[in-house]
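Asks: One file: structure15.cif (mmCIF, C-alpha atoms).
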```cif
data_upload
loop_
_atom_site.label_atom_id
_atom_site.label_comp_id
_atom_site.auth_asym_id
_atom_site.auth_seq_id
_atom_site.Cartn_x
_atom_site.Cartn_y
_atom_site.Cartn_z
CA MET J 113 -49.10 -63.57 -236.75
CA PRO J 114 -50.68 -60.09 -237.04
CA GLU J 115 -49.19 -57.32 -234.94
CA SER J 116 -52.37 -56.87 -232.90
CA ASP J 117 -52.05 -60.45 -231.64
CA LEU J 118 -48.54 -59.93 -230.26
CA ASP J 119 -48.42 -59.78 -226.51
CA ILE J 120 -45.81 -57.11 -225.88
CA GLU J 121 -45.04 -56.35 -222.27
CA GLU J 122 -43.51 -52.96 -221.64
CA SER J 123 -40.98 -52.73 -218.87
CA PRO J 124 -41.77 -50.10 -216.25
CA LYS J 125 -39.73 -46.94 -216.60
CA LYS J 126 -37.36 -46.28 -213.74
CA GLU J 127 -37.15 -42.84 -212.18
CA VAL J 128 -33.37 -42.81 -212.23
CA LYS J 129 -31.59 -39.66 -213.29
CA GLU J 130 -28.79 -40.56 -215.62
CA VAL J 131 -25.77 -38.32 -215.54
CA SER J 132 -25.39 -37.01 -219.05
CA GLN J 133 -22.21 -35.83 -220.68
CA ASP J 134 -23.56 -32.28 -220.38
CA ASP J 135 -24.10 -32.71 -216.63
CA ASN J 136 -20.54 -33.95 -216.14
CA GLU J 137 -19.20 -31.13 -218.28
CA LEU J 138 -21.20 -28.59 -216.24
CA LYS J 139 -19.97 -30.11 -212.98
CA TYR J 140 -16.32 -29.81 -214.00
CA THR J 141 -16.83 -26.34 -215.47
CA ILE J 142 -18.33 -25.17 -212.18
CA TYR J 143 -15.55 -26.75 -210.15
CA ASP J 144 -12.97 -25.16 -212.44
CA VAL J 145 -14.51 -21.74 -211.79
CA ILE J 146 -14.68 -21.99 -207.98
CA ARG J 147 -11.42 -23.80 -207.29
CA THR J 148 -9.36 -20.66 -208.00
CA ILE J 149 -11.25 -18.38 -205.59
CA LYS J 150 -8.76 -17.01 -203.08
CA ASP J 151 -9.30 -17.43 -199.36
CA PRO J 152 -10.09 -14.06 -197.73
CA GLU J 153 -7.42 -14.52 -195.03
CA LYS J 154 -4.79 -16.85 -196.45
CA PRO J 155 -2.66 -16.67 -199.61
CA ASN J 156 -4.23 -19.93 -200.85
CA THR J 157 -7.10 -20.86 -203.12
CA LEU J 158 -10.21 -22.61 -201.81
CA GLU J 159 -9.09 -25.75 -203.64
CA GLU J 160 -5.65 -25.72 -201.96
CA LEU J 161 -7.34 -25.46 -198.55
CA ASN J 162 -9.88 -28.22 -199.42
CA VAL J 163 -12.72 -25.77 -198.84
CA VAL J 164 -14.09 -26.72 -202.27
CA TYR J 165 -13.71 -30.14 -203.88
CA GLU J 166 -15.05 -31.91 -206.98
CA GLU J 167 -17.37 -34.15 -204.96
CA GLY J 168 -19.01 -31.01 -203.54
CA VAL J 169 -20.44 -30.03 -206.93
CA GLU J 170 -23.61 -31.86 -207.92
CA VAL J 171 -25.77 -31.26 -210.97
CA LYS J 172 -29.38 -32.00 -210.11
CA GLU J 173 -32.42 -32.56 -212.29
CA ARG J 174 -33.35 -29.56 -214.45
CA THR J 175 -36.34 -27.43 -213.57
CA SER J 176 -39.54 -27.54 -215.63
CA GLY J 177 -38.20 -24.44 -217.41
CA ASP J 178 -35.09 -26.41 -218.43
CA VAL J 179 -32.77 -24.55 -216.04
CA ASN J 180 -29.81 -26.49 -214.66
CA VAL J 181 -29.89 -26.92 -210.90
CA VAL J 182 -26.47 -27.06 -209.27
CA ARG J 183 -25.69 -27.73 -205.62
CA VAL J 184 -22.29 -26.60 -204.37
CA GLU J 185 -21.12 -27.75 -200.97
CA PHE J 186 -18.11 -26.19 -199.27
CA ASN J 187 -16.24 -27.00 -196.09
CA PRO J 188 -14.83 -24.09 -194.04
CA THR J 189 -11.40 -24.75 -192.57
CA VAL J 190 -12.66 -24.43 -188.97
CA PRO J 191 -16.15 -24.91 -187.42
CA HIS J 192 -16.29 -21.29 -186.22
CA CYS J 193 -14.90 -19.70 -189.42
CA SER J 194 -16.00 -16.06 -189.34
CA LEU J 195 -15.61 -15.74 -193.11
CA ALA J 196 -17.82 -18.66 -194.16
CA THR J 197 -20.57 -16.30 -195.34
CA LEU J 198 -18.06 -14.31 -197.40
CA ILE J 199 -16.73 -17.54 -198.97
CA GLY J 200 -20.26 -18.61 -199.90
CA LEU J 201 -20.90 -15.16 -201.37
CA CYS J 202 -17.69 -15.37 -203.42
CA ILE J 203 -18.72 -18.77 -204.79
CA ARG J 204 -22.14 -17.46 -205.81
CA ILE J 205 -20.94 -14.21 -207.40
CA LYS J 206 -18.11 -15.85 -209.35
CA LEU J 207 -20.42 -18.57 -210.71
CA GLU J 208 -23.16 -16.10 -211.61
CA ARG J 209 -20.62 -14.05 -213.57
CA SER J 210 -18.79 -16.98 -215.18
CA ILE J 211 -21.45 -19.45 -216.33
CA PRO J 212 -22.89 -18.26 -219.66
CA TYR J 213 -26.39 -19.71 -219.19
CA ARG J 214 -29.08 -19.77 -216.55
CA ILE J 215 -28.47 -22.01 -213.57
CA LYS J 216 -30.17 -22.28 -210.22
CA LEU J 217 -27.47 -22.34 -207.56
CA ASP J 218 -27.89 -23.93 -204.16
CA ILE J 219 -24.80 -23.28 -202.04
CA TYR J 220 -24.38 -25.02 -198.70
CA ILE J 221 -21.82 -25.56 -195.99
CA LYS J 222 -21.03 -29.25 -195.54
CA ALA J 223 -23.37 -30.69 -192.90
CA GLY J 224 -21.84 -30.48 -189.43
CA ALA J 225 -18.84 -28.42 -190.60
CA HIS J 226 -19.81 -25.08 -189.05
CA THR J 227 -21.41 -23.96 -185.81
CA THR J 228 -23.91 -21.66 -187.57
CA GLU J 229 -24.28 -23.52 -190.89
CA HIS J 230 -28.09 -23.19 -191.06
CA GLU J 231 -28.01 -19.41 -190.69
CA ILE J 232 -25.19 -19.05 -193.20
CA ASN J 233 -26.88 -21.39 -195.70
CA LYS J 234 -30.01 -19.24 -195.46
CA GLN J 235 -28.03 -16.03 -196.05
CA ILE J 236 -26.04 -17.24 -199.07
CA ASN J 237 -29.16 -18.56 -200.80
CA ASP J 238 -31.31 -15.45 -200.28
CA LYS J 239 -31.35 -13.15 -203.34
CA GLU J 240 -32.22 -10.02 -201.37
CA ARG J 241 -29.42 -10.57 -198.85
CA ILE J 242 -26.95 -11.23 -201.68
CA ALA J 243 -27.98 -8.02 -203.45
CA ALA J 244 -27.74 -6.02 -200.21
CA ALA J 245 -24.30 -7.48 -199.42
CA MET J 246 -22.99 -6.53 -202.86
CA GLU J 247 -24.16 -2.93 -202.34
CA ASN J 248 -21.76 -2.64 -199.40
CA PRO J 249 -18.55 -1.17 -200.91
CA ASN J 250 -16.20 -2.85 -198.41
CA LEU J 251 -17.81 -6.26 -198.82
CA LYS J 252 -17.91 -5.88 -202.59
CA GLU J 253 -14.18 -5.08 -202.64
CA MET J 254 -13.42 -8.16 -200.52
CA VAL J 255 -15.44 -10.36 -202.90
CA GLU J 256 -13.73 -8.83 -205.96
CA ASN J 257 -10.29 -9.47 -204.42
CA CYS J 258 -11.16 -13.12 -203.77
CA ILE J 259 -12.67 -13.91 -207.16
CA THR J 260 -10.24 -12.00 -209.41
CA GLU J 261 -8.08 -14.41 -211.42
CA GLU J 262 -4.31 -14.07 -211.24
CA ASP J 263 -2.55 -13.54 -214.56
#
```
Can I see the file as structure tokens?
Replies:
Amino acid sequence: MPESDLDIEESPKKEVKEVSQDDNELKYTIYDVIRTIKDPEKPNTLEELNVVYEEGVEVKERTSGDVNVVRVEFNPTVPHCSLATLIGLCIRIKLERSIPYRIKLDIYIKAGAHTTEHEINKQINDKERIAAAMENPNLKEMVENCITEED
């Protein structure tokens, strides 16, 4: 039978994002970077306090410019944590410095975990506010103290 006479039915393509090896590697690399950030008030890391956790790191679909999109969720220890914005800033700055290629970071407080989560989420995802915060010498020193690795 000639090929043109074959009745080939193509299956519809599903719009399911498969998690590639690279995505998993990126997820664990990101978690590895943020888990050692020190809490601004306590002598513990964010991982030890369960502020950051593996399930809170999600690699999303790449942008049209082939940039990885990563969502990081964190959970402050108390719903009125006054340092939640600083923790989000530490996560962003350490990742921006540590990941050797372009990524789009979306950092969020776990839904329902903080009394002012929407305002804080807006602040820690606004480039101009981040830049302004890092120009403040006192705030910059606090961030540096939290993200510096112990030997």
Asks: Excluding same-chain residues fewer than 5 positions from segment 172-175 of chain J, what lies within 9 Å of it counting only C-alpha atoms, as a PyMOL selection string?
Replies: chain J and resi 129+135+180-183+216
Asks: Given only C-alpha atoms, how would the per-residue table for segment 156-208 of chain J near segment 251-262 of chain J read, listing every residue at most 9 Å away with its closest atom pair and distance in Å to one decimal, sorted by chain and number, as a tab-separated table?
Replies:
```
residue	atom	partner	partner_atom	distance
J:Thr157	CA	J:Cys258	CA	8.8
J:Leu198	CA	J:Val255	CA	7.3
J:Ile199	CA	J:Val255	CA	8.3
J:Leu201	CA	J:Val255	CA	7.4
J:Cys202	CA	J:Val255	CA	5.5
J:Ile203	CA	J:Ile259	CA	8.1
J:Ile205	CA	J:Val255	CA	8.1
J:Lys206	CA	J:Ile259	CA	6.2
```
Asks: Can you pull out the residues contacting Glu166 of chain J? Cut-off 9 Å, using only C-alpha atoms, and skip same-chain residues under 5 positions away; I want them as a list in words.
Replies: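 Neighbouring residues, sequence-local ones excluded: Lys139, Tyr140, Tyr143, Asp144 and Arg147 of chain J.
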Asks: Which polymer residues, protein or nucleic acid, are no farther than 12 Å from (-27.2, -9.3, -200.9), counting only C-alpha atoms, as a ChimeraX atom specification?
Replies: /J:197-198,200-202,204-205,234-249,251-252,255
Asks: Atoms to include: C-alpha atoms. Write the selected residues as an mmCIF file, in the frame of the given file.
Replies:
```cif
data_model
loop_
_atom_site.group_PDB
_atom_site.id
_atom_site.type_symbol
_atom_site.label_atom_id
_atom_site.label_comp_id
_atom_site.auth_asym_id
_atom_site.auth_seq_id
_atom_site.Cartn_x
_atom_site.Cartn_y
_atom_site.Cartn_z
ATOM 1 C CA THR J 197 -20.570 -16.300 -195.340
ATOM 2 C CA LEU J 198 -18.060 -14.310 -197.400
ATOM 3 C CA GLY J 200 -20.260 -18.610 -199.900
ATOM 4 C CA LEU J 201 -20.900 -15.160 -201.370
ATOM 5 C CA CYS J 202 -17.690 -15.370 -203.420
ATOM 6 C CA ARG J 204 -22.140 -17.460 -205.810
ATOM 7 C CA ILE J 205 -20.940 -14.210 -207.400
ATOM 8 C CA LYS J 234 -30.010 -19.240 -195.460
ATOM 9 C CA GLN J 235 -28.030 -16.030 -196.050
ATOM 10 C CA ILE J 236 -26.040 -17.240 -199.070
ATOM 11 C CA ASN J 237 -29.160 -18.560 -200.800
ATOM 12 C CA ASP J 238 -31.310 -15.450 -200.280
ATOM 13 C CA LYS J 239 -31.350 -13.150 -203.340
ATOM 14 C CA GLU J 240 -32.220 -10.020 -201.370
ATOM 15 C CA ARG J 241 -29.420 -10.570 -198.850
ATOM 16 C CA ILE J 242 -26.950 -11.230 -201.680
ATOM 17 C CA ALA J 243 -27.980 -8.020 -203.450
ATOM 18 C CA ALA J 244 -27.740 -6.020 -200.210
ATOM 19 C CA ALA J 245 -24.300 -7.480 -199.420
ATOM 20 C CA MET J 246 -22.990 -6.530 -202.860
ATOM 21 C CA GLU J 247 -24.160 -2.930 -202.340
ATOM 22 C CA ASN J 248 -21.760 -2.640 -199.400
ATOM 23 C CA PRO J 249 -18.550 -1.170 -200.910
ATOM 24 C CA LEU J 251 -17.810 -6.260 -198.820
ATOM 25 C CA LYS J 252 -17.910 -5.880 -202.590
ATOM 26 C CA VAL J 255 -15.440 -10.360 -202.900
#
```
Asks: Separation of atom CA of Ala225 of chain J and atom CA of Val171 of chain J, in Å?
Replies: 21.7 Å
Asks: Do you have the atom CA of Pro155 of chain J-atom CA of Ser194 of chain J distance handy?
Replies: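 A separation of 16.8 Å between them.
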Asks: Suppose you want the space between atom CA of Gly224 of chain J and atom CA of Val163 of chain J; what is it in Å?
Replies: 13.9 Å
Asks: Given all atoms listed in the file as the basis, pick out the residue of J:Lys222, J:Lys154, J:Asn250, J:Val145 nearest to Leu207 of chain J.
Replies: J:Val145
Asks: Might you spell out which residues the PyMOL selection byres ((chain J and resi 228) around 12) would select in the displayed file, as a PDB file with C-alpha atoms, in the frame of the given file?
Replies:
```
ATOM      1  CA  PRO J 188     -14.830 -24.090-194.040  1.00  0.00           C
ATOM      2  CA  VAL J 190     -12.660 -24.430-188.970  1.00  0.00           C
ATOM      3  CA  PRO J 191     -16.150 -24.910-187.420  1.00  0.00           C
ATOM      4  CA  HIS J 192     -16.290 -21.290-186.220  1.00  0.00           C
ATOM      5  CA  CYS J 193     -14.900 -19.700-189.420  1.00  0.00           C
ATOM      6  CA  SER J 194     -16.000 -16.060-189.340  1.00  0.00           C
ATOM      7  CA  LEU J 195     -15.610 -15.740-193.110  1.00  0.00           C
ATOM      8  CA  ALA J 196     -17.820 -18.660-194.160  1.00  0.00           C
ATOM      9  CA  THR J 197     -20.570 -16.300-195.340  1.00  0.00           C
ATOM     10  CA  TYR J 220     -24.380 -25.020-198.700  1.00  0.00           C
ATOM     11  CA  ILE J 221     -21.820 -25.560-195.990  1.00  0.00           C
ATOM     12  CA  LYS J 222     -21.030 -29.250-195.540  1.00  0.00           C
ATOM     13  CA  ALA J 223     -23.370 -30.690-192.900  1.00  0.00           C
ATOM     14  CA  GLY J 224     -21.840 -30.480-189.430  1.00  0.00           C
ATOM     15  CA  ALA J 225     -18.840 -28.420-190.600  1.00  0.00           C
ATOM     16  CA  HIS J 226     -19.810 -25.080-189.050  1.00  0.00           C
ATOM     17  CA  THR J 227     -21.410 -23.960-185.810  1.00  0.00           C
ATOM     18  CA  GLU J 229     -24.280 -23.520-190.890  1.00  0.00           C
ATOM     19  CA  HIS J 230     -28.090 -23.190-191.060  1.00  0.00           C
ATOM     20  CA  GLU J 231     -28.010 -19.410-190.690  1.00  0.00           C
ATOM     21  CA  ILE J 232     -25.190 -19.050-193.200  1.00  0.00           C
ATOM     22  CA  ASN J 233     -26.880 -21.390-195.700  1.00  0.00           C
ATOM     23  CA  LYS J 234     -30.010 -19.240-195.460  1.00  0.00           C
ATOM     24  CA  GLN J 235     -28.030 -16.030-196.050  1.00  0.00           C
TER      25      GLN J 235
END
```
Asks: Compare J:Thr189, J:Asn136, J:Thr141, J:Glu170 by their minimum atom-to-atom distance to Glu153 of chain J, counting only C-alpha atoms, and give me the closest one.
Replies: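 With only C-alpha atoms as the atom set, the closest residue is J:Thr189.
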